[in-house]
$ cat work_37.tsv   # TSV, C-alpha atoms
chain	number	residue	atom	x	y	z
A	1	MET	CA	101.62	101.49	79.54
A	2	GLU	CA	100.03	100.88	82.91
A	3	ILE	CA	102.17	97.78	83.53
A	4	GLU	CA	105.42	99.44	82.47
A	5	GLN	CA	104.73	102.50	84.59
A	6	THR	CA	103.87	100.37	87.58
A	7	LEU	CA	107.15	98.53	87.11
A	8	PHE	CA	109.24	101.76	87.00
A	9	VAL	CA	107.56	102.98	90.15
A	10	LYS	CA	108.18	99.67	91.90
A	11	MET	CA	111.89	99.75	90.96
A	12	ALA	CA	112.38	103.26	92.33
A	13	LEU	CA	110.34	102.65	95.50
A	14	ASP	CA	112.06	99.32	96.20
A	15	ALA	CA	115.44	101.07	96.18
A	16	TRP	CA	114.07	103.78	98.50
A	17	ASP	CA	112.61	101.18	100.89
A	18	THR	CA	115.90	99.27	100.95
A	19	TYR	CA	117.90	102.28	102.12
A	20	VAL	CA	115.29	103.64	104.54
A	21	SER	CA	115.03	100.24	106.18
A	22	ARG	CA	118.82	99.75	106.24
A	23	THR	CA	119.33	103.19	107.78
A	24	GLN	CA	116.54	102.63	110.29
A	25	LYS	CA	118.14	99.35	111.41
A	26	LEU	CA	121.50	101.10	111.76
A	27	PHE	CA	120.08	103.96	113.87
A	28	ASP	CA	118.42	101.35	116.08
A	29	THR	CA	121.80	99.78	116.89
A	30	PHE	CA	123.07	103.05	118.42
A	31	THR	CA	122.30	104.41	121.87
A	32	ASP	CA	121.50	108.10	122.18
A	33	ALA	CA	124.97	108.63	123.67
A	34	GLN	CA	126.66	106.84	120.76
A	35	LEU	CA	124.81	109.04	118.26
A	36	LEU	CA	126.58	112.03	119.83
A	37	GLY	CA	129.87	110.71	118.42
A	38	GLU	CA	131.35	111.94	115.12
A	39	VAL	CA	131.23	109.52	112.16
A	40	ALA	CA	134.89	110.40	111.48
A	41	PRO	CA	137.27	112.81	113.23
A	42	GLY	CA	136.01	116.38	112.81
A	43	ARG	CA	133.01	115.25	110.72
A	44	ASN	CA	129.27	115.28	111.42
A	45	ARG	CA	127.91	113.62	114.52
A	46	GLY	CA	125.44	110.75	114.16
A	47	VAL	CA	122.72	112.92	115.68
A	48	TYR	CA	123.32	115.64	113.08
A	49	LEU	CA	122.95	113.13	110.25
A	50	LEU	CA	119.77	111.82	111.90
A	51	GLY	CA	118.40	115.38	111.96
A	52	HIS	CA	119.68	116.15	108.46
A	53	LEU	CA	118.08	113.08	106.89
A	54	THR	CA	114.83	113.68	108.80
A	55	CYS	CA	114.77	117.29	107.57
A	56	VAL	CA	115.49	116.36	103.93
A	57	HIS	CA	112.80	113.66	103.99
A	58	ASP	CA	110.33	115.99	105.72
A	59	ARG	CA	110.86	118.53	102.96
A	60	MET	CA	109.90	115.89	100.39
A	61	LEU	CA	106.30	116.20	101.65
A	62	PRO	CA	105.71	119.68	100.15
A	63	LEU	CA	108.03	118.94	97.20
A	64	LEU	CA	105.84	115.98	96.23
A	65	ASP	CA	102.66	117.95	96.96
A	66	PHE	CA	101.74	115.80	99.95
A	67	GLY	CA	101.11	118.77	102.25
A	68	GLU	CA	103.30	120.90	104.47
A	69	ALA	CA	106.52	119.83	106.13
A	70	HIS	CA	105.87	118.51	109.64
A	71	TYR	CA	109.06	119.90	111.20
A	72	PRO	CA	110.07	123.07	109.30
A	73	GLY	CA	112.18	124.12	112.29
A	74	LEU	CA	114.74	121.47	111.37
A	75	THR	CA	115.76	123.25	108.16
A	76	ASP	CA	117.78	125.98	109.80
A	77	ILE	CA	119.58	123.61	112.17
A	78	PHE	CA	120.17	120.59	109.95
A	79	LEU	CA	120.27	121.96	106.41
A	80	HIS	CA	121.36	125.59	106.41
A	81	LYS	CA	123.86	125.30	109.24
A	82	PRO	CA	126.69	122.81	109.64
A	83	ASP	CA	126.95	120.53	112.68
A	84	LYS	CA	128.15	121.90	116.01
A	85	THR	CA	127.14	125.51	115.26
A	86	THR	CA	123.75	125.51	117.02
A	87	ALA	CA	123.62	125.08	120.79
A	88	GLU	CA	119.97	124.06	120.97
A	89	ILE	CA	118.93	121.06	118.91
A	90	PRO	CA	116.00	118.68	119.51
A	91	SER	CA	116.78	115.72	121.75
A	92	THR	CA	117.93	112.52	120.09
A	93	GLN	CA	114.75	110.80	121.28
A	94	GLU	CA	112.64	113.47	119.62
A	95	LEU	CA	114.64	113.22	116.39
A	96	ARG	CA	114.22	109.43	116.30
A	97	ARG	CA	110.47	109.94	116.62
A	98	TYR	CA	110.42	112.60	113.86
A	99	TRP	CA	112.50	110.34	111.58
A	100	ASN	CA	110.03	107.48	111.94
A	101	GLU	CA	107.03	109.72	111.62
A	102	VAL	CA	108.23	111.51	108.49
A	103	ASN	CA	109.15	108.28	106.71
A	104	SER	CA	105.75	106.81	107.60
A	105	ALA	CA	103.98	109.90	106.23
A	106	LEU	CA	105.98	109.62	103.00
A	107	ASN	CA	105.24	105.93	102.71
A	108	GLU	CA	101.49	106.42	103.16
A	109	ASN	CA	101.47	109.03	100.43
A	110	PHE	CA	103.66	106.90	98.16
A	111	GLN	CA	101.14	104.07	98.38
A	112	ARG	CA	98.19	106.14	97.27
A	113	LEU	CA	99.89	107.80	94.28
A	114	THR	CA	98.99	106.34	90.90
A	115	PRO	CA	101.76	105.59	88.36
A	116	GLU	CA	100.52	108.54	86.25
A	117	GLU	CA	100.83	110.88	89.25
A	118	TRP	CA	104.43	109.80	89.84
A	119	PHE	CA	105.29	111.19	86.41
A	120	GLN	CA	103.73	114.57	87.13
A	121	LYS	CA	105.87	117.55	88.03
A	122	HIS	CA	107.11	118.14	91.55
A	123	THR	CA	106.31	121.49	93.16
A	124	SER	CA	109.62	123.28	92.69
A	125	VAL	CA	109.65	123.15	88.88
A	126	SER	CA	107.47	125.48	86.81
A	127	ALA	CA	104.98	124.10	84.30
A	128	ALA	CA	106.99	125.70	81.48
A	129	ASP	CA	110.28	124.12	82.58
A	130	PHE	CA	108.58	120.79	83.18
A	131	GLU	CA	107.36	120.76	79.60
A	132	LYS	CA	110.97	120.99	78.44
A	133	GLU	CA	112.35	118.66	81.14
A	134	PRO	CA	109.74	115.98	81.89
A	135	GLN	CA	112.28	114.04	83.94
A	136	ARG	CA	111.74	116.60	86.72
A	137	ASN	CA	108.85	114.56	88.04
A	138	LYS	CA	107.94	113.21	91.46
A	139	LEU	CA	109.51	109.81	90.93
A	140	ASN	CA	112.82	111.47	90.11
A	141	VAL	CA	112.77	113.16	93.52
A	142	VAL	CA	112.59	109.71	95.12
A	143	ILE	CA	115.49	108.42	92.97
A	144	ASN	CA	117.66	111.39	93.90
A	145	ARG	CA	116.80	111.30	97.59
A	146	THR	CA	117.59	107.57	97.69
A	147	ASN	CA	121.10	108.39	96.46
A	148	HIS	CA	121.37	111.15	99.05
A	149	LEU	CA	120.37	108.67	101.75
A	150	ALA	CA	122.84	106.02	100.49
A	151	ASN	CA	125.59	108.66	100.57
A	152	HIS	CA	125.00	109.38	104.27
A	153	TYR	CA	124.32	105.74	105.12
A	154	GLY	CA	127.88	105.01	103.94
A	155	GLN	CA	129.09	107.55	106.51
A	156	LEU	CA	126.87	106.38	109.37
A	157	VAL	CA	128.33	102.87	109.25
A	158	PHE	CA	131.58	104.44	110.50
A	159	LEU	CA	129.98	105.60	113.75
A	160	LYS	CA	131.43	103.75	116.74
A	161	HIS	CA	129.39	101.54	119.06
A	162	GLU	CA	131.92	101.65	121.87
B	163	MET	CA	104.82	103.50	76.26
B	164	GLU	CA	107.92	104.35	74.28
B	165	ILE	CA	108.00	107.87	75.67
B	166	GLU	CA	107.54	106.75	79.28
B	167	GLN	CA	110.22	104.08	78.94
B	168	THR	CA	112.66	106.51	77.39
B	169	LEU	CA	111.98	108.99	80.15
B	170	PHE	CA	112.50	106.46	82.91
B	171	VAL	CA	115.75	105.26	81.34
B	172	LYS	CA	116.93	108.87	81.19
B	173	MET	CA	116.11	109.41	84.87
B	174	ALA	CA	118.08	106.34	85.95
B	175	LEU	CA	121.07	107.08	83.67
B	176	ASP	CA	121.18	110.75	84.70
B	177	ALA	CA	121.50	109.68	88.35
B	178	TRP	CA	124.28	107.24	87.41
B	179	ASP	CA	126.14	109.91	85.39
B	180	THR	CA	125.86	112.37	88.27
B	181	TYR	CA	127.58	110.05	90.74
B	182	VAL	CA	130.19	108.68	88.32
B	183	SER	CA	131.16	112.21	87.38
B	184	ARG	CA	131.15	113.41	90.99
B	185	THR	CA	133.33	110.46	92.08
B	186	GLN	CA	135.67	110.95	89.12
B	187	LYS	CA	136.16	114.60	90.06
B	188	LEU	CA	136.84	113.60	93.65
B	189	PHE	CA	139.45	110.97	92.68
B	190	ASP	CA	141.12	113.59	90.49
B	191	THR	CA	141.66	115.88	93.49
B	192	PHE	CA	143.77	113.23	95.26
B	193	THR	CA	147.40	112.41	94.61
B	194	ASP	CA	148.39	108.73	94.48
B	195	ALA	CA	149.97	109.14	97.93
B	196	GLN	CA	146.80	110.67	99.39
B	197	LEU	CA	144.74	107.74	98.08
B	198	LEU	CA	146.85	105.48	100.31
B	199	GLY	CA	145.23	107.10	103.35
B	200	GLU	CA	142.24	105.60	105.16
B	201	VAL	CA	138.89	107.36	104.73
B	202	ALA	CA	138.41	107.07	108.52
B	203	PRO	CA	140.60	105.51	111.23
B	204	GLY	CA	140.84	101.76	110.65
B	205	ARG	CA	138.55	101.90	107.59
B	206	ASN	CA	139.21	101.30	103.89
B	207	ARG	CA	141.94	103.21	102.11
B	208	GLY	CA	141.03	105.46	99.18
B	209	VAL	CA	142.93	103.14	96.83
B	210	TYR	CA	140.88	100.15	98.02
B	211	LEU	CA	137.63	101.98	97.32
B	212	LEU	CA	138.98	102.96	93.89
B	213	GLY	CA	139.70	99.28	93.19
B	214	HIS	CA	136.42	98.14	94.74
B	215	LEU	CA	134.28	100.51	92.68
B	216	THR	CA	136.25	99.68	89.51
B	217	CYS	CA	135.71	95.97	90.17
B	218	VAL	CA	131.97	96.33	90.85
B	219	HIS	CA	131.50	98.45	87.73
B	220	ASP	CA	133.61	96.06	85.64
B	221	ARG	CA	131.38	93.18	86.74
B	222	MET	CA	128.36	95.10	85.44
B	223	LEU	CA	129.62	94.34	81.89
B	224	PRO	CA	128.79	90.60	82.01
B	225	LEU	CA	125.78	91.21	84.28
B	226	LEU	CA	124.26	93.50	81.64
B	227	ASP	CA	125.32	91.13	78.84
B	228	PHE	CA	127.84	93.59	77.41
B	229	GLY	CA	130.64	91.01	77.22
B	230	GLU	CA	133.24	89.77	79.68
B	231	ALA	CA	134.71	91.72	82.58
B	232	HIS	CA	137.90	93.49	81.55
B	233	TYR	CA	139.72	93.03	84.87
B	234	PRO	CA	138.45	89.81	86.51
B	235	GLY	CA	141.60	89.72	88.66
B	236	LEU	CA	140.21	92.61	90.72
B	237	THR	CA	137.40	90.50	92.20
B	238	ASP	CA	139.53	88.53	94.62
B	239	ILE	CA	141.44	91.59	95.85
B	240	PHE	CA	138.70	94.22	95.97
B	241	LEU	CA	135.48	92.27	96.47
B	242	HIS	CA	136.17	88.96	98.21
B	243	LYS	CA	138.91	90.22	100.49
B	244	PRO	CA	138.86	93.22	102.80
B	245	ASP	CA	141.42	96.02	102.50
B	246	LYS	CA	144.95	95.52	103.81
B	247	THR	CA	144.90	91.72	103.49
B	248	THR	CA	146.61	91.41	100.09
B	249	ALA	CA	150.21	92.51	99.71
B	250	GLU	CA	150.17	92.85	95.94
B	251	ILE	CA	147.58	95.16	94.46
B	252	PRO	CA	147.71	97.01	91.13
B	253	SER	CA	149.36	100.43	91.27
B	254	THR	CA	147.14	103.43	91.88
B	255	GLN	CA	147.97	104.71	88.40
B	256	GLU	CA	146.81	101.43	86.87
B	257	LEU	CA	143.62	101.48	88.93
B	258	ARG	CA	142.83	105.03	87.83
B	259	ARG	CA	143.19	103.90	84.21
B	260	TYR	CA	140.98	100.83	84.77
B	261	TRP	CA	138.35	102.98	86.50
B	262	ASN	CA	138.13	105.36	83.53
B	263	GLU	CA	138.23	102.57	81.01
B	264	VAL	CA	135.49	100.50	82.65
B	265	ASN	CA	133.15	103.46	83.04
B	266	SER	CA	133.72	104.40	79.39
B	267	ALA	CA	132.93	100.84	78.28
B	268	LEU	CA	129.72	100.90	80.32
B	269	ASN	CA	128.75	104.28	78.94
B	270	GLU	CA	129.24	103.19	75.33
B	271	ASN	CA	127.04	100.17	75.89
B	272	PHE	CA	124.45	102.23	77.76
B	273	GLN	CA	124.11	104.54	74.78
B	274	ARG	CA	123.35	101.79	72.30
B	275	LEU	CA	120.72	99.97	74.41
B	276	THR	CA	117.10	100.60	73.42
B	277	PRO	CA	114.51	101.34	76.13
B	278	GLU	CA	113.01	97.89	75.53
B	279	GLU	CA	116.39	96.25	76.09
B	280	TRP	CA	116.82	98.06	79.40
B	281	PHE	CA	113.73	96.26	80.64
B	282	GLN	CA	115.03	92.82	79.69
B	283	LYS	CA	116.47	90.51	82.30
B	284	HIS	CA	120.06	90.80	83.48
B	285	THR	CA	122.25	87.70	83.22
B	286	SER	CA	122.14	86.51	86.82
B	287	VAL	CA	118.38	85.96	87.01
B	288	SER	CA	116.74	82.93	85.37
B	289	ALA	CA	113.99	83.35	82.77
B	290	ALA	CA	111.53	81.67	85.15
B	291	ASP	CA	112.36	84.01	88.05
B	292	PHE	CA	112.32	87.02	85.74
B	293	GLU	CA	108.79	86.19	84.69
B	294	LYS	CA	107.71	86.43	88.32
B	295	GLU	CA	109.95	89.40	89.15
B	296	PRO	CA	110.18	91.66	86.07
B	297	GLN	CA	111.85	94.37	88.13
B	298	ARG	CA	115.07	92.29	87.96
B	299	ASN	CA	115.96	93.94	84.69
B	300	LYS	CA	119.08	95.69	83.39
B	301	LEU	CA	117.96	99.16	84.36
B	302	ASN	CA	117.46	98.05	87.94
B	303	VAL	CA	121.12	97.02	88.06
B	304	VAL	CA	122.06	100.60	87.19
B	305	ILE	CA	119.72	102.00	89.86
B	306	ASN	CA	121.20	99.70	92.51
B	307	ARG	CA	124.80	100.31	91.49
B	308	THR	CA	124.21	104.06	91.59
B	309	ASN	CA	123.19	103.72	95.24
B	310	HIS	CA	126.25	101.57	95.89
B	311	LEU	CA	128.43	104.26	94.34
B	312	ALA	CA	126.72	107.04	96.33
B	313	ASN	CA	127.31	105.04	99.51
B	314	HIS	CA	131.07	104.90	98.91
B	315	TYR	CA	131.22	108.45	97.56
B	316	GLY	CA	129.94	109.59	100.95
B	317	GLN	CA	132.96	107.84	102.51
B	318	LEU	CA	135.53	109.08	99.99
B	319	VAL	CA	134.75	112.71	100.79
B	320	PHE	CA	136.31	112.03	104.22
B	321	LEU	CA	139.71	111.20	102.72
B	322	LYS	CA	142.29	113.80	103.69
B	323	HIS	CA	144.16	115.98	101.20
B	324	GLU	CA	146.96	116.84	103.57
$ encode --input "work_37.tsv" --output "structure tokens"
Amino acid sequence: MEIEQTLFVKMALDAWDTYVSRTQKLFDTFTDAQLLGEVAPGRNRGVYLLGHLTCVHDRMLPLLDFGEAHYPGLTDIFLHKPDKTTAEIPSTQELRRYWNEVNSALNENFQRLTPEEWFQKHTSVSAADFEKEPQRNKLNVVINRTNHLANHYGQLVFLKHE
Amino acid sequence: MEIEQTLFVKMALDAWDTYVSRTQKLFDTFTDAQLLGEVAPGRNRGVYLLGHLTCVHDRMLPLLDFGEAHYPGLTDIFLHKPDKTTAEIPSTQELRRYWNEVNSALNENFQRLTPEEWFQKHTSVSAADFEKEPQRNKLNVVINRTNHLANHYGQLVFLKHE
């Protein structure tokens, strides 16, 4: 069982690493000014997607029982509200730092989790519901958030470098 | 082990089903004429992404050892060549039919695979390499193709209905 579980975890974490690293490389190709552009006419700006992804990843910390979110202030700006509705947002440089920092914090916690712990419930499902739906475990959060990241990565590649 | 394997297979297939169903619903909201539009200025047309996703899913059939691809002719047009470089492509109506048909074929095969079989090697990795890298199994193909689909889904939502 140990070997099989370790393998599942590796498969899910490899996919996560692939998209985090791909997205990181893409963000690095853009200047702060370029990130202020929209990915498509009338759509989200690069900087909004940077903040949105940072916020969603930051919120994985409490969801996976790794402690509190580091930047709870991002939720209102980058999750509850659409782009271009809040005048004051953190600077792009700050957001880049948060993005790196949050992904590092996740990664450190990922490394120390045992395979058994990955199959335990995440914090937003009750023990009773988890008994009926054991797929609502921590590893599933990573699988779903990888798809979320891939979804927005597909949009960020449209951002212009000119 | 059986229970853990079954659970992990369910987690990966649920994520696949979520994005296939979401993408299907999105395609259904577009007319054939709307699918001829580009998802963003100068980017792929909706119809190209429909063909591309159909092709990539069709090629999962041989990769997962479920038999031959049903529409091998799509590979040259929708995988090897970029959009707008081939004059003759199948009609949008045909592509919609292929898309449904290929996903149904995959789904039927998915249902009959045992958890053990999901952890066997896919057809493009050698037995020797698979011994060293057991994560290159059939289920991993589904995980990776789900991310591929999510990536393009994120682009298709930009296609205009007007």
$ interface_residues --input "work_37.tsv" --of "chain B" --to "chain A" --cutoff "7 Å" --atoms "only C-alpha atoms" --output "MDAnalysis selection string"
chainID B and resid 163 169 173 177 202 297 302 306 309 312:317
$ atom_distance --input "work_37.tsv" --atom1 "CA of His232 (chain B)" --atom2 "CA of Ala290 (chain B)"
29.1 Å
$ residues_around --input "work_37.tsv" --residues "region 242-252 of chain B" --least-positions-apart "6" --cutoff "8 Å" --atoms "only C-alpha atoms" --output "JSON, numbers by chain"
{"B": [206, 207, 210]}
$ residues_around --input "work_37.tsv" --residues "Lys132 (chain A)" --least-positions-apart "6" --cutoff "12 Å" --atoms "all atoms listed in the file" --output "ChimeraX atom specification"
/A:121,125-126
$ atom_distance --input "work_37.tsv" --atom1 "CA of Cys55 (chain A)" --atom2 "CA of Glu38 (chain A)"
19.0 Å
$ residues_around --input "work_37.tsv" --residues "Asn109 (chain A)" --least-positions-apart "6" --cutoff "10 Å" --atoms "only C-alpha atoms" --output "PyMOL selection string"
chain A and resi 61+64-67+103
$ atom_distance --input "work_37.tsv" --atom1 "CA of Thr276 (chain B)" --atom2 "CA of Asp291 (chain B)"
22.6 Å
$ closest_residue --input "work_37.tsv" --among "A:Arg145, A:His52, A:His122, A:Lys160" --to "Phe30 (chain A)" --atoms "only C-alpha atoms"
A:Lys160
$ residues_around --input "work_37.tsv" --residues "Tyr98 (chain A)" --least-positions-apart "3" --cutoff "8 Å" --atoms "all atoms listed in the file" --output "PyMOL selection string"
chain A and resi 54+71+94-95+101-102
$ write_last_selection --input "work_37.tsv" --atoms "C-alpha atoms" --output "mmCIF file, in the frame of the given file"
data_model
loop_
_atom_site.group_PDB
_atom_site.id
_atom_site.type_symbol
_atom_site.label_atom_id
_atom_site.label_comp_id
_atom_site.auth_asym_id
_atom_site.auth_seq_id
_atom_site.Cartn_x
_atom_site.Cartn_y
_atom_site.Cartn_z
ATOM 1 C CA THR A 54 114.830 113.680 108.800
ATOM 2 C CA TYR A 71 109.060 119.900 111.200
ATOM 3 C CA GLU A 94 112.640 113.470 119.620
ATOM 4 C CA LEU A 95 114.640 113.220 116.390
ATOM 5 C CA GLU A 101 107.030 109.720 111.620
ATOM 6 C CA VAL A 102 108.230 111.510 108.490
#
$ axis_aligned_box --input "work_37.tsv" --around "region 54-61 of chain A" --padding-each-side "8 Å" --output "lines of an AutoDock Vina configuration file"
center_x = 110.9
center_y = 116.1
center_z = 104.6
size_x = 25.2
size_y = 20.9
size_z = 24.4
$ closest_residue --input "work_37.tsv" --among "A:Leu106, A:Leu159, A:Leu36, A:Leu50" --to "Glu68 (chain A)" --atoms "only C-alpha atoms"
A:Leu106
$ residues_near_point --input "work_37.tsv" --point "(117.2, 107.4, 108.9)" --cutoff "7 Å" --atoms "all atoms listed in the file" --output "ChimeraX atom specification"
/A:20,23-24,27,50,53-54,99
$ closest_residue --input "work_37.tsv" --among "B:Leu225, B:Arg184, B:Leu241, B:Glu279" --to "Leu211 (chain B)" --atoms "only C-alpha atoms"
B:Leu241
$ decode --input "work_37.tsv" --residues "region 257-272 of chain B" --atoms "N, CA, C and O atoms" --output "PDB file, in the first residue's frame"
ATOM      1  N   LEU B 257     -16.981  17.636 -36.950  1.00  0.00           N
ATOM      2  CA  LEU B 257     -16.071  17.680 -35.789  1.00  0.00           C
ATOM      3  C   LEU B 257     -16.836  17.531 -34.475  1.00  0.00           C
ATOM      4  O   LEU B 257     -16.366  16.880 -33.542  1.00  0.00           O
ATOM      5  N   ARG B 258     -17.995  18.150 -34.405  1.00  0.00           N
ATOM      6  CA  ARG B 258     -18.817  18.009 -33.186  1.00  0.00           C
ATOM      7  C   ARG B 258     -19.177  16.539 -32.968  1.00  0.00           C
ATOM      8  O   ARG B 258     -19.182  16.060 -31.837  1.00  0.00           O
ATOM      9  N   ARG B 259     -19.498  15.831 -34.061  1.00  0.00           N
ATOM     10  CA  ARG B 259     -19.862  14.425 -33.960  1.00  0.00           C
ATOM     11  C   ARG B 259     -18.646  13.600 -33.517  1.00  0.00           C
ATOM     12  O   ARG B 259     -18.756  12.749 -32.638  1.00  0.00           O
ATOM     13  N   TYR B 260     -17.490  13.883 -34.131  1.00  0.00           N
ATOM     14  CA  TYR B 260     -16.266  13.157 -33.754  1.00  0.00           C
ATOM     15  C   TYR B 260     -15.944  13.373 -32.269  1.00  0.00           C
ATOM     16  O   TYR B 260     -15.558  12.464 -31.556  1.00  0.00           O
ATOM     17  N   TRP B 261     -16.052  14.615 -31.852  1.00  0.00           N
ATOM     18  CA  TRP B 261     -15.752  14.981 -30.446  1.00  0.00           C
ATOM     19  C   TRP B 261     -16.600  14.144 -29.474  1.00  0.00           C
ATOM     20  O   TRP B 261     -16.090  13.542 -28.533  1.00  0.00           O
ATOM     21  N   ASN B 262     -17.900  14.086 -29.734  1.00  0.00           N
ATOM     22  CA  ASN B 262     -18.787  13.296 -28.880  1.00  0.00           C
ATOM     23  C   ASN B 262     -18.443  11.821 -28.931  1.00  0.00           C
ATOM     24  O   ASN B 262     -18.411  11.135 -27.905  1.00  0.00           O
ATOM     25  N   GLU B 263     -18.185  11.370 -30.144  1.00  0.00           N
ATOM     26  CA  GLU B 263     -17.966   9.941 -30.359  1.00  0.00           C
ATOM     27  C   GLU B 263     -16.677   9.477 -29.672  1.00  0.00           C
ATOM     28  O   GLU B 263     -16.639   8.419 -29.037  1.00  0.00           O
ATOM     29  N   VAL B 264     -15.627  10.269 -29.811  1.00  0.00           N
ATOM     30  CA  VAL B 264     -14.336   9.916 -29.226  1.00  0.00           C
ATOM     31  C   VAL B 264     -14.411   9.915 -27.686  1.00  0.00           C
ATOM     32  O   VAL B 264     -13.910   9.002 -27.026  1.00  0.00           O
ATOM     33  N   ASN B 265     -15.074  10.921 -27.139  1.00  0.00           N
ATOM     34  CA  ASN B 265     -15.195  10.964 -25.675  1.00  0.00           C
ATOM     35  C   ASN B 265     -16.053   9.811 -25.141  1.00  0.00           C
ATOM     36  O   ASN B 265     -15.774   9.275 -24.067  1.00  0.00           O
ATOM     37  N   SER B 266     -17.070   9.420 -25.927  1.00  0.00           N
ATOM     38  CA  SER B 266     -17.874   8.264 -25.516  1.00  0.00           C
ATOM     39  C   SER B 266     -17.048   6.989 -25.545  1.00  0.00           C
ATOM     40  O   SER B 266     -17.138   6.158 -24.632  1.00  0.00           O
ATOM     41  N   ALA B 267     -16.239   6.824 -26.602  1.00  0.00           N
ATOM     42  CA  ALA B 267     -15.387   5.632 -26.713  1.00  0.00           C
ATOM     43  C   ALA B 267     -14.413   5.570 -25.536  1.00  0.00           C
ATOM     44  O   ALA B 267     -14.200   4.505 -24.944  1.00  0.00           O
ATOM     45  N   LEU B 268     -13.828   6.713 -25.199  1.00  0.00           N
ATOM     46  CA  LEU B 268     -12.910   6.741 -24.053  1.00  0.00           C
ATOM     47  C   LEU B 268     -13.658   6.346 -22.781  1.00  0.00           C
ATOM     48  O   LEU B 268     -13.209   5.505 -22.013  1.00  0.00           O
ATOM     49  N   ASN B 269     -14.817   6.949 -22.594  1.00  0.00           N
ATOM     50  CA  ASN B 269     -15.572   6.703 -21.376  1.00  0.00           C
ATOM     51  C   ASN B 269     -15.951   5.228 -21.209  1.00  0.00           C
ATOM     52  O   ASN B 269     -15.837   4.671 -20.115  1.00  0.00           O
ATOM     53  N   GLU B 270     -16.370   4.606 -22.294  1.00  0.00           N
ATOM     54  CA  GLU B 270     -16.709   3.174 -22.232  1.00  0.00           C
ATOM     55  C   GLU B 270     -15.506   2.346 -21.798  1.00  0.00           C
ATOM     56  O   GLU B 270     -15.620   1.434 -20.989  1.00  0.00           O
ATOM     57  N   ASN B 271     -14.366   2.661 -22.373  1.00  0.00           N
ATOM     58  CA  ASN B 271     -13.145   1.930 -22.009  1.00  0.00           C
ATOM     59  C   ASN B 271     -12.713   2.226 -20.578  1.00  0.00           C
ATOM     60  O   ASN B 271     -12.242   1.330 -19.869  1.00  0.00           O
ATOM     61  N   PHE B 272     -12.876   3.482 -20.178  1.00  0.00           N
ATOM     62  CA  PHE B 272     -12.519   3.850 -18.793  1.00  0.00           C
ATOM     63  C   PHE B 272     -13.306   2.994 -17.797  1.00  0.00           C
ATOM     64  O   PHE B 272     -12.774   2.557 -16.788  1.00  0.00           O
TER      65      PHE B 272
END
